>>> print(open('input.pdb').read())   # PDB, C-alpha atoms
ATOM      1  CA  MET G  86      10.822  -3.431  -5.036
ATOM      2  CA  ASN G  87      13.853  -2.070  -3.350
ATOM      3  CA  SER G  88      13.709   1.685  -3.357
ATOM      4  CA  LEU G  89      12.605   3.839  -0.445
ATOM      5  CA  SER G  90       9.428   4.947  -2.218
ATOM      6  CA  ASP G  91       8.182   1.326  -2.433
ATOM      7  CA  PHE G  92       8.361   0.898   1.323
ATOM      8  CA  VAL G  93       6.699   4.276   1.844
ATOM      9  CA  LEU G  94       3.889   3.223  -0.509
ATOM     10  CA  VAL G  95       3.296  -0.051   1.388
ATOM     11  CA  SER G  96       3.311   1.899   4.626
ATOM     12  CA  ALA G  97       0.803   4.412   3.232
ATOM     13  CA  MET G  98      -1.492   1.584   2.111
ATOM     14  CA  LEU G  99      -1.342  -0.053   5.536
ATOM     15  CA  PHE G 100      -2.079   3.263   7.217
ATOM     16  CA  GLY G 101      -5.033   3.870   4.888
ATOM     17  CA  ILE G 102      -6.434   0.410   5.674
ATOM     18  CA  GLY G 103      -6.044   1.144   9.388
ATOM     19  CA  VAL G 104      -7.883   4.451   9.065
ATOM     20  CA  TYR G 105     -10.663   2.720   7.113
ATOM     21  CA  GLY G 106     -11.002   0.174   9.933
ATOM     22  CA  LEU G 107     -11.110   2.882  12.595
ATOM     23  CA  VAL G 108     -13.841   4.768  10.741
ATOM     24  CA  THR G 109     -16.104   1.850   9.827
ATOM     25  CA  LYS G 110     -15.778  -0.783  12.575
ATOM     26  CA  ARG G 111     -17.644  -0.801  15.869
ATOM     27  CA  ASN G 112     -16.261  -4.061  17.329
ATOM     28  CA  ALA G 113     -13.591  -3.262  19.940
ATOM     29  CA  LEU G 114     -11.331  -6.067  18.718
ATOM     30  CA  ARG G 115     -11.502  -4.843  15.123
ATOM     31  CA  LEU G 116     -10.535  -1.388  16.355
ATOM     32  CA  LEU G 117      -7.526  -2.960  18.097
ATOM     33  CA  PHE G 118      -6.591  -4.680  14.810
ATOM     34  CA  ALA G 119      -6.844  -1.346  12.971
ATOM     35  CA  VAL G 120      -4.651   0.423  15.522
ATOM     36  CA  GLU G 121      -2.042  -2.363  15.345
ATOM     37  CA  ILE G 122      -1.966  -2.092  11.540
ATOM     38  CA  MET G 123      -1.438   1.674  11.766
ATOM     39  CA  ILE G 124       1.368   1.239  14.324
ATOM     40  CA  ASN G 125       3.034  -1.227  11.952
ATOM     41  CA  ALA G 126       2.776   1.256   9.090
ATOM     42  CA  ALA G 127       4.542   3.874  11.199
ATOM     43  CA  ASN G 128       7.223   1.367  12.273
ATOM     44  CA  LEU G 129       7.878   0.440   8.650
ATOM     45  CA  ASN G 130       8.402   4.112   7.787
ATOM     46  CA  PHE G 131      10.813   4.578  10.692
ATOM     47  CA  VAL G 132      13.004   1.640   9.678
ATOM     48  CA  ALA G 133      12.885   2.480   5.960
ATOM     49  CA  PHE G 134      13.946   6.105   6.375
ATOM     50  CA  GLY G 135      16.533   5.170   9.005
ATOM     51  CA  GLN G 136      18.134   2.575   6.761
ATOM     52  CA  TYR G 137      18.093   4.575   3.523
ATOM     53  CA  LEU G 138      19.240   7.902   4.953
ATOM     54  CA  PRO G 139      22.489   7.431   6.899
ATOM     55  CA  PHE G 140      23.926  10.252   8.988
ATOM     56  CA  GLU G 141      26.505  12.405   7.275
ATOM     57  CA  ASN G 142      29.401  13.621   9.352
ATOM     58  CA  GLY G 143      32.751  15.007   8.245
ATOM     59  CA  ALA G 144      34.267  11.588   7.655
ATOM     60  CA  GLY G 145      31.389  10.328   5.511
ATOM     61  CA  ALA G 146      28.179   8.350   5.964
ATOM     62  CA  VAL G 147      27.629   6.763   9.367
ATOM     63  CA  PRO G 148      25.017   4.016   9.916
ATOM     64  CA  ASN G 149      21.772   5.404  11.301
ATOM     65  CA  ALA G 150      20.479   3.112  14.057
ATOM     66  CA  LEU G 151      18.001   5.656  15.386
ATOM     67  CA  GLY G 152      15.050   4.401  13.327
ATOM     68  CA  GLN G 153      15.543   0.786  14.352
ATOM     69  CA  THR G 154      15.952   1.756  18.011
ATOM     70  CA  PHE G 155      12.735   3.769  17.939
ATOM     71  CA  VAL G 156      10.926   0.822  16.386
ATOM     72  CA  LEU G 157      12.165  -1.556  19.086
ATOM     73  CA  PHE G 158      10.709   0.782  21.725
ATOM     74  CA  SER G 159       7.536   1.214  19.690
ATOM     75  CA  ILE G 160       6.977  -2.553  19.372
ATOM     76  CA  ALA G 161       7.354  -3.007  23.123
ATOM     77  CA  LEU G 162       4.912  -0.160  23.765
ATOM     78  CA  ALA G 163       2.418  -1.603  21.284
ATOM     79  CA  ALA G 164       2.575  -4.976  23.045
ATOM     80  CA  ALA G 165       1.805  -3.325  26.391
ATOM     81  CA  GLU G 166      -1.021  -1.358  24.794
ATOM     82  CA  ALA G 167      -2.516  -4.513  23.269
ATOM     83  CA  ALA G 168      -2.423  -6.269  26.656
ATOM     84  CA  VAL G 169      -4.243  -3.414  28.385
ATOM     85  CA  ILE G 170      -6.838  -3.060  25.618
ATOM     86  CA  LEU G 171      -7.543  -6.809  25.687
ATOM     87  CA  ALA G 172      -7.999  -6.660  29.463
ATOM     88  CA  ILE G 173     -10.445  -3.779  29.048
ATOM     89  CA  VAL G 174     -12.295  -5.669  26.300
ATOM     90  CA  VAL G 175     -12.645  -8.794  28.447
ATOM     91  CA  VAL G 176     -13.893  -6.784  31.448
ATOM     92  CA  ALA G 177     -16.329  -4.848  29.246
ATOM     93  CA  TYR G 178     -17.578  -8.113  27.784
ATOM     94  CA  ARG G 179     -18.136  -9.622  31.229
ATOM     95  CA  LEU G 180     -19.994  -6.536  32.419
ATOM     96  CA  HIS G 181     -22.050  -5.794  29.312
ATOM     97  CA  LYS G 182     -21.968  -9.055  27.342
ATOM     98  CA  ASP G 183     -20.992  -7.056  24.282
ATOM     99  CA  VAL G 184     -17.885  -5.599  22.652
ATOM    100  CA  ASP G 185     -19.636  -3.093  20.422
ATOM    101  CA  VAL G 186     -18.107   0.248  21.368
ATOM    102  CA  SER G 187     -21.276   2.154  20.508
ATOM    103  CA  GLU G 188     -23.132   0.065  23.113
ATOM    104  CA  LEU G 189     -20.647   0.699  25.922
ATOM    105  CA  LYS G 190     -22.203   3.811  27.370
ATOM    106  CA  SER G 191     -21.233   3.589  31.040
ATOM    107  CA  MET G 192     -18.053   5.636  30.488
ATOM    108  CA  GLU G 193     -19.752   8.370  28.467
ATOM    109  CA  GLY G 194     -19.504  11.846  29.941
TER     110      GLY G 194
ATOM    111  CA  MET S 194       3.900  -6.628   0.009
ATOM    112  CA  VAL S 195       0.787  -8.398  -1.268
ATOM    113  CA  LEU S 196       0.788 -10.611   1.846
ATOM    114  CA  THR S 197       1.070  -7.586   4.113
ATOM    115  CA  VAL S 198      -1.661  -5.469   2.534
ATOM    116  CA  GLY S 199      -3.961  -8.415   1.716
ATOM    117  CA  SER S 200      -3.766  -9.841   5.228
ATOM    118  CA  ALA S 201      -4.467  -6.402   6.690
ATOM    119  CA  ILE S 202      -7.681  -6.228   4.639
ATOM    120  CA  VAL S 203      -8.589  -9.786   5.730
ATOM    121  CA  ALA S 204      -7.980  -8.795   9.366
ATOM    122  CA  LEU S 205     -10.608  -6.093   9.146
ATOM    123  CA  GLU S 206     -13.096  -7.648   6.743
ATOM    124  CA  ALA S 207     -13.186 -11.368   7.677
ATOM    125  CA  LYS S 208     -16.636 -12.472   8.817
ATOM    126  CA  GLU S 209     -15.344 -14.573  11.724
ATOM    127  CA  ILE S 210     -13.161 -12.616  14.127
ATOM    128  CA  VAL S 211     -10.787 -15.572  14.611
ATOM    129  CA  TYR S 212      -9.925 -15.402  10.915
ATOM    130  CA  GLY S 213      -9.447 -11.680  11.374
ATOM    131  CA  ALA S 214      -6.892 -12.362  14.130
ATOM    132  CA  ILE S 215      -5.080 -14.832  11.861
ATOM    133  CA  GLY S 216      -5.111 -12.221   9.094
ATOM    134  CA  LEU S 217      -3.569  -9.712  11.477
ATOM    135  CA  ALA S 218      -0.819 -12.215  12.311
ATOM    136  CA  GLY S 219      -0.177 -12.654   8.571
ATOM    137  CA  SER S 220       0.046  -8.907   8.097
ATOM    138  CA  LEU S 221       2.500  -8.581  10.991
ATOM    139  CA  PHE S 222       4.562 -11.382   9.465
ATOM    140  CA  GLY S 223       4.583  -9.529   6.145
ATOM    141  CA  VAL S 224       5.887  -6.399   7.865
ATOM    142  CA  ALA S 225       8.607  -8.535   9.470
ATOM    143  CA  ALA S 226       9.564  -9.784   5.986
ATOM    144  CA  LEU S 227       9.786  -6.166   4.813
ATOM    145  CA  PHE S 228      12.122  -5.462   7.749
ATOM    146  CA  PHE S 229      14.336  -8.315   6.498
ATOM    147  CA  LEU S 230      14.298  -6.714   3.033
ATOM    148  CA  LEU S 231      15.413  -3.473   4.667
ATOM    149  CA  ASP S 232      18.518  -5.152   6.117
ATOM    150  CA  ALA S 233      17.111  -4.868   9.632
ATOM    151  CA  PRO S 234      17.098  -8.511  10.847
ATOM    152  CA  TYR S 235      17.158  -7.612  14.543
ATOM    153  CA  VAL S 236      13.963  -5.578  14.300
ATOM    154  CA  ALA S 237      12.385  -8.278  12.117
ATOM    155  CA  VAL S 238      13.089 -11.033  14.644
ATOM    156  CA  PHE S 239      11.903  -8.769  17.446
ATOM    157  CA  GLN S 240       8.708  -8.146  15.499
ATOM    158  CA  ILE S 241       8.110 -11.871  14.999
ATOM    159  CA  ALA S 242       8.876 -12.695  18.632
ATOM    160  CA  VAL S 243       6.827  -9.927  20.205
ATOM    161  CA  TYR S 244       3.980  -9.400  17.745
ATOM    162  CA  ILE S 245       3.349 -12.875  16.379
ATOM    163  CA  GLY S 246       4.675 -14.736  19.411
ATOM    164  CA  ALA S 247       2.917 -12.664  22.024
ATOM    165  CA  VAL S 248       0.346 -10.193  20.749
ATOM    166  CA  ALA S 249      -1.267 -12.317  18.023
ATOM    167  CA  VAL S 250      -1.390 -15.375  20.283
ATOM    168  CA  LEU S 251      -2.796 -13.249  23.126
ATOM    169  CA  ILE S 252      -5.527 -11.937  20.836
ATOM    170  CA  LEU S 253      -6.295 -15.440  19.538
ATOM    171  CA  PHE S 254      -6.585 -16.869  23.036
ATOM    172  CA  THR S 255      -8.746 -13.976  24.209
ATOM    173  CA  VAL S 256     -11.060 -14.441  21.244
ATOM    174  CA  MET S 257     -11.274 -18.214  21.675
ATOM    175  CA  LEU S 258     -11.676 -18.224  25.473
ATOM    176  CA  VAL S 259     -14.505 -15.757  25.745
ATOM    177  CA  ARG S 260     -16.056 -15.945  22.290
ATOM    178  CA  GLU S 261     -19.758 -16.234  21.815
ATOM    179  CA  GLU S 262     -21.912 -16.082  18.754
ATOM    180  CA  LYS S 263     -22.470 -12.417  19.423
ATOM    181  CA  TRP S 264     -18.805 -11.662  18.776
ATOM    182  CA  ALA S 265     -18.993 -13.064  15.314
ATOM    183  CA  LYS S 266     -22.051 -11.034  14.479
ATOM    184  CA  GLU S 267     -20.916  -7.715  13.090
ATOM    185  CA  VAL S 268     -23.156  -4.743  13.409
ATOM    186  CA  PRO S 269     -23.905  -3.884   9.780
ATOM    187  CA  VAL S 270     -22.311  -0.581   8.896
ATOM    188  CA  THR S 271     -24.278   1.833   6.810
ATOM    189  CA  SER S 272     -23.074   2.365   3.277
ATOM    190  CA  VAL S 273     -22.417   6.036   4.078
ATOM    191  CA  THR S 274     -20.003   5.066   6.858
ATOM    192  CA  ARG S 275     -18.325   2.512   4.638
ATOM    193  CA  ILE S 276     -17.898   4.997   1.785
ATOM    194  CA  ALA S 277     -16.621   7.624   4.226
ATOM    195  CA  GLY S 278     -14.075   5.122   5.576
ATOM    196  CA  ILE S 279     -12.906   4.095   2.126
ATOM    197  CA  MET S 280     -12.620   7.725   1.001
ATOM    198  CA  THR S 281     -10.648   8.720   4.108
ATOM    199  CA  GLY S 282      -8.265   5.781   3.808
ATOM    200  CA  LEU S 283      -7.792   6.373   0.081
ATOM    201  CA  ALA S 284      -7.214  10.095   0.601
ATOM    202  CA  ILE S 285      -4.467   9.482   3.163
ATOM    203  CA  THR S 286      -2.844   6.772   1.035
ATOM    204  CA  LEU S 287      -2.902   8.924  -2.100
ATOM    205  CA  ALA S 288      -1.581  11.976  -0.244
ATOM    206  CA  VAL S 289       1.421  10.050   1.087
ATOM    207  CA  ALA S 290       1.958   8.327  -2.275
ATOM    208  CA  PHE S 291       1.983  11.645  -4.145
ATOM    209  CA  ALA S 292       4.360  13.085  -1.550
ATOM    210  CA  ALA S 293       6.675  10.082  -1.994
ATOM    211  CA  VAL S 294       6.650  10.445  -5.789
ATOM    212  CA  ASP S 295       6.910  14.218  -5.720
ATOM    213  CA  THR S 296       9.921  14.269  -3.416
ATOM    214  CA  ASN S 297      11.624  11.670  -5.630
ATOM    215  CA  LEU S 298      12.165   9.112  -2.888
ATOM    216  CA  ALA S 299      12.873   6.502  -5.575
ATOM    217  CA  GLN S 300      16.361   7.982  -5.946
ATOM    218  CA  PHE S 301      17.307   6.061  -2.788
ATOM    219  CA  GLY S 302      17.697   2.772  -4.603
ATOM    220  CA  ASN S 303      19.257   0.476  -2.032
ATOM    221  CA  VAL S 304      20.471   0.420   1.540
ATOM    222  CA  VAL S 305      24.038   1.696   1.432
ATOM    223  CA  ASN S 306      25.158   1.712   5.023
ATOM    224  CA  PRO S 307      22.826  -0.411   7.181
ATOM    225  CA  ALA S 308      22.983  -0.162  10.955
ATOM    226  CA  THR S 309      24.221  -3.308  12.676
ATOM    227  CA  TYR S 310      23.454  -4.939  16.024
ATOM    228  CA  VAL S 311      26.397  -3.062  17.501
ATOM    229  CA  ASP S 312      25.040   0.334  16.448
ATOM    230  CA  ILE S 313      21.638  -0.448  17.955
ATOM    231  CA  GLY S 314      23.205  -1.768  21.161
ATOM    232  CA  VAL S 315      25.435   1.264  21.548
ATOM    233  CA  LEU S 316      22.522   3.627  21.017
ATOM    234  CA  ILE S 317      20.228   1.785  23.459
ATOM    235  CA  SER S 318      22.837   1.502  26.195
ATOM    236  CA  THR S 319      24.170   5.058  25.949
ATOM    237  CA  GLY S 320      22.016   7.833  24.539
ATOM    238  CA  ASP S 321      18.648   6.135  24.809
ATOM    239  CA  ALA S 322      19.233   4.420  28.168
ATOM    240  CA  PRO S 323      16.717   6.669  30.029
ATOM    241  CA  VAL S 324      14.079   5.769  27.421
ATOM    242  CA  LEU S 325      14.740   2.101  28.075
ATOM    243  CA  LEU S 326      14.246   2.616  31.811
ATOM    244  CA  VAL S 327      11.010   4.541  31.320
ATOM    245  CA  LEU S 328       9.823   1.857  28.908
ATOM    246  CA  GLY S 329      10.428  -0.792  31.565
ATOM    247  CA  LEU S 330       8.332   1.213  34.024
ATOM    248  CA  VAL S 331       5.558   1.615  31.445
ATOM    249  CA  LEU S 332       5.534  -2.125  30.745
ATOM    250  CA  ALA S 333       5.387  -2.934  34.465
ATOM    251  CA  ALA S 334       2.583  -0.416  34.936
ATOM    252  CA  SER S 335       0.601  -1.856  32.038
ATOM    253  CA  VAL S 336       0.934  -5.408  33.370
ATOM    254  CA  VAL S 337      -0.185  -4.269  36.824
ATOM    255  CA  GLY S 338      -3.057  -2.344  35.230
ATOM    256  CA  ALA S 339      -4.221  -5.342  33.207
ATOM    257  CA  LEU S 340      -4.070  -7.592  36.285
ATOM    258  CA  THR S 341      -5.939  -5.034  38.387
ATOM    259  CA  LEU S 342      -8.678  -4.809  35.758
ATOM    260  CA  SER S 343      -9.311  -8.542  35.758
ATOM    261  CA  ARG S 344      -9.082  -8.714  39.575
ATOM    262  CA  ALA S 345     -11.514  -5.845  40.081
ATOM    263  CA  ASP S 346     -13.951  -7.704  37.880
ATOM    264  CA  LYS S 347     -13.678 -10.829  40.071
ATOM    265  CA  GLU S 348     -14.330  -8.764  43.198
ATOM    266  CA  ASP S 349     -17.401  -7.293  41.550
ATOM    267  CA  LYS S 350     -18.712 -10.754  40.874
ATOM    268  CA  SER S 351     -18.169 -11.955  44.455
ATOM    269  CA  GLN S 352     -20.228  -9.104  45.884
TER     270      GLN S 352
END
>>> encode(input="input.pdb", output="structure tokens")
Amino acid sequence: MNSLSDFVLVSAMLFGIGVYGLVTKRNALRLLFAVEIMINAANLNFVAFGQYLPFENGAGAVPNALGQTFVLFSIALAAAEAAVILAIVVVAYRLHKDVDVSELKSMEG
Amino acid sequence: MVLTVGSAIVALEAKEIVYGAIGLAGSLFGVAALFFLLDAPYVAVFQIAVYIGAVAVLILFTVMLVREEKWAKEVPVTSVTRIAGIMTGLAITLAVAFAAVDTNLAQFGNVVNPATYVDIGVLISTGDAPVLLVLGLVLAASVVGALTLSRADKEDKSQ
């Protein structure tokens, strides 16, 4: 497995698994897992396309670092997001003694 | 590839949520291995350091510190929801797979001109420098937000 389509296929599978988790799970931590898996699928796509499709200028192909740079930012953002979600989960657990998102009704409009 | 996809399924389907967290760490590690295969070692090491070193451990500690039996007990999903989830995930996967085959992405056989550390460094410190600054602010804000959340909870308890 070395061609671009292989990496895109793995990424699509990961994204599908993440969507399945988002649709079926009600536990807040499982939802966090699903979101992290989907973020990783997107990151994989960014790096794969960035590496396989170099920029073309007049002098020839130039290395394309844009995908990798985006992924570095994305990983940092995902870490911050995970920290905030975990804090919310812990507070919700202390207040409601439950992490089932369908039971957390105090924020419903 | 098998490690990545298999661990992702374990992360969502394991009975005990601790095993789910370990499965997630395995899946993240698999993605890091794919980054190595893509000639992107810097991103791969970053992924291992940040995701497995910080996020996965943070999740594990959160689960272990405040876990009760209730956490392990999953609310049983109805078969309709499960089938709907499987169909949605499969539909998205198949759509992207057909697009990848149809656009003949397999013609890109190997990485010809991989970006190096220098390229990434130049891009981060020149063109994308404002993004880096904003990202630092976002990280600081998220840390402050997380701390405020836990502190507000303590104040609630003391009242």
>>> resolve_selection(input="input.pdb", expression="the PyMOL selection byres ((chain G and resi 167-172) around 7)", output="short mmCIF file (atom, residue, chain, number, x, y, z; two decimals) with C-alpha atoms, keeping the file's coordinate frame")
data_model
loop_
_atom_site.label_atom_id
_atom_site.label_comp_id
_atom_site.auth_asym_id
_atom_site.auth_seq_id
_atom_site.Cartn_x
_atom_site.Cartn_y
_atom_site.Cartn_z
CA ALA G 163 2.42 -1.60 21.28
CA ALA G 164 2.58 -4.98 23.04
CA ALA G 165 1.80 -3.32 26.39
CA GLU G 166 -1.02 -1.36 24.79
CA ILE G 173 -10.44 -3.78 29.05
CA VAL G 174 -12.30 -5.67 26.30
CA VAL G 175 -12.64 -8.79 28.45
CA VAL G 176 -13.89 -6.78 31.45
CA VAL S 248 0.35 -10.19 20.75
CA SER S 335 0.60 -1.86 32.04
CA ALA S 339 -4.22 -5.34 33.21
CA LEU S 342 -8.68 -4.81 35.76
CA SER S 343 -9.31 -8.54 35.76
#
>>> residues_near_point(input="input.pdb", point="(10.9, 7.1, 9.0)", cutoff="12 Å", atoms="only C-alpha atoms", output="PyMOL selection string")
chain G and resi 89-90+92-93+96-97+125-139+149-156
>>> interface_residues(input="input.pdb", of="chain S", to="chain G", cutoff="6 Å", atoms="all atoms listed in the file", output="list in words")
Thr274, Arg275, Gly278, Ile279, Gly282, Ile285, Thr286, Ala290, Ala293, Leu298, Ala299, Phe301, Gly302, Asn303, Val304, Asn306, Pro307, Ala308, Asp312, Ile313, Leu332, Ser335 and Ala339 of chain S
>>> atom_distance(input="input.pdb", atom1="CA of Ala237 (chain S)", atom2="CA of Val224 (chain S)")
8.0 Å
>>> atom_distance(input="input.pdb", atom1="CA of Phe222 (chain S)", atom2="CA of Val315 (chain S)")
27.2 Å
>>> atom_distance(input="input.pdb", atom1="CA of Leu326 (chain S)", atom2="CA of Val243 (chain S)")
18.6 Å
>>> residues_around(input="input.pdb", residues="Val211 (chain S)", least_positions_apart="6", cutoff="8 Å", atoms="only C-alpha atoms", output="PDB file with C-alpha atoms, keeping the file's coordinate frame")
ATOM      1  CA  LEU S 253      -6.295 -15.440  19.538  1.00  0.00           C
ATOM      2  CA  VAL S 256     -11.060 -14.441  21.244  1.00  0.00           C
ATOM      3  CA  MET S 257     -11.274 -18.214  21.675  1.00  0.00           C
TER       4      MET S 257
END
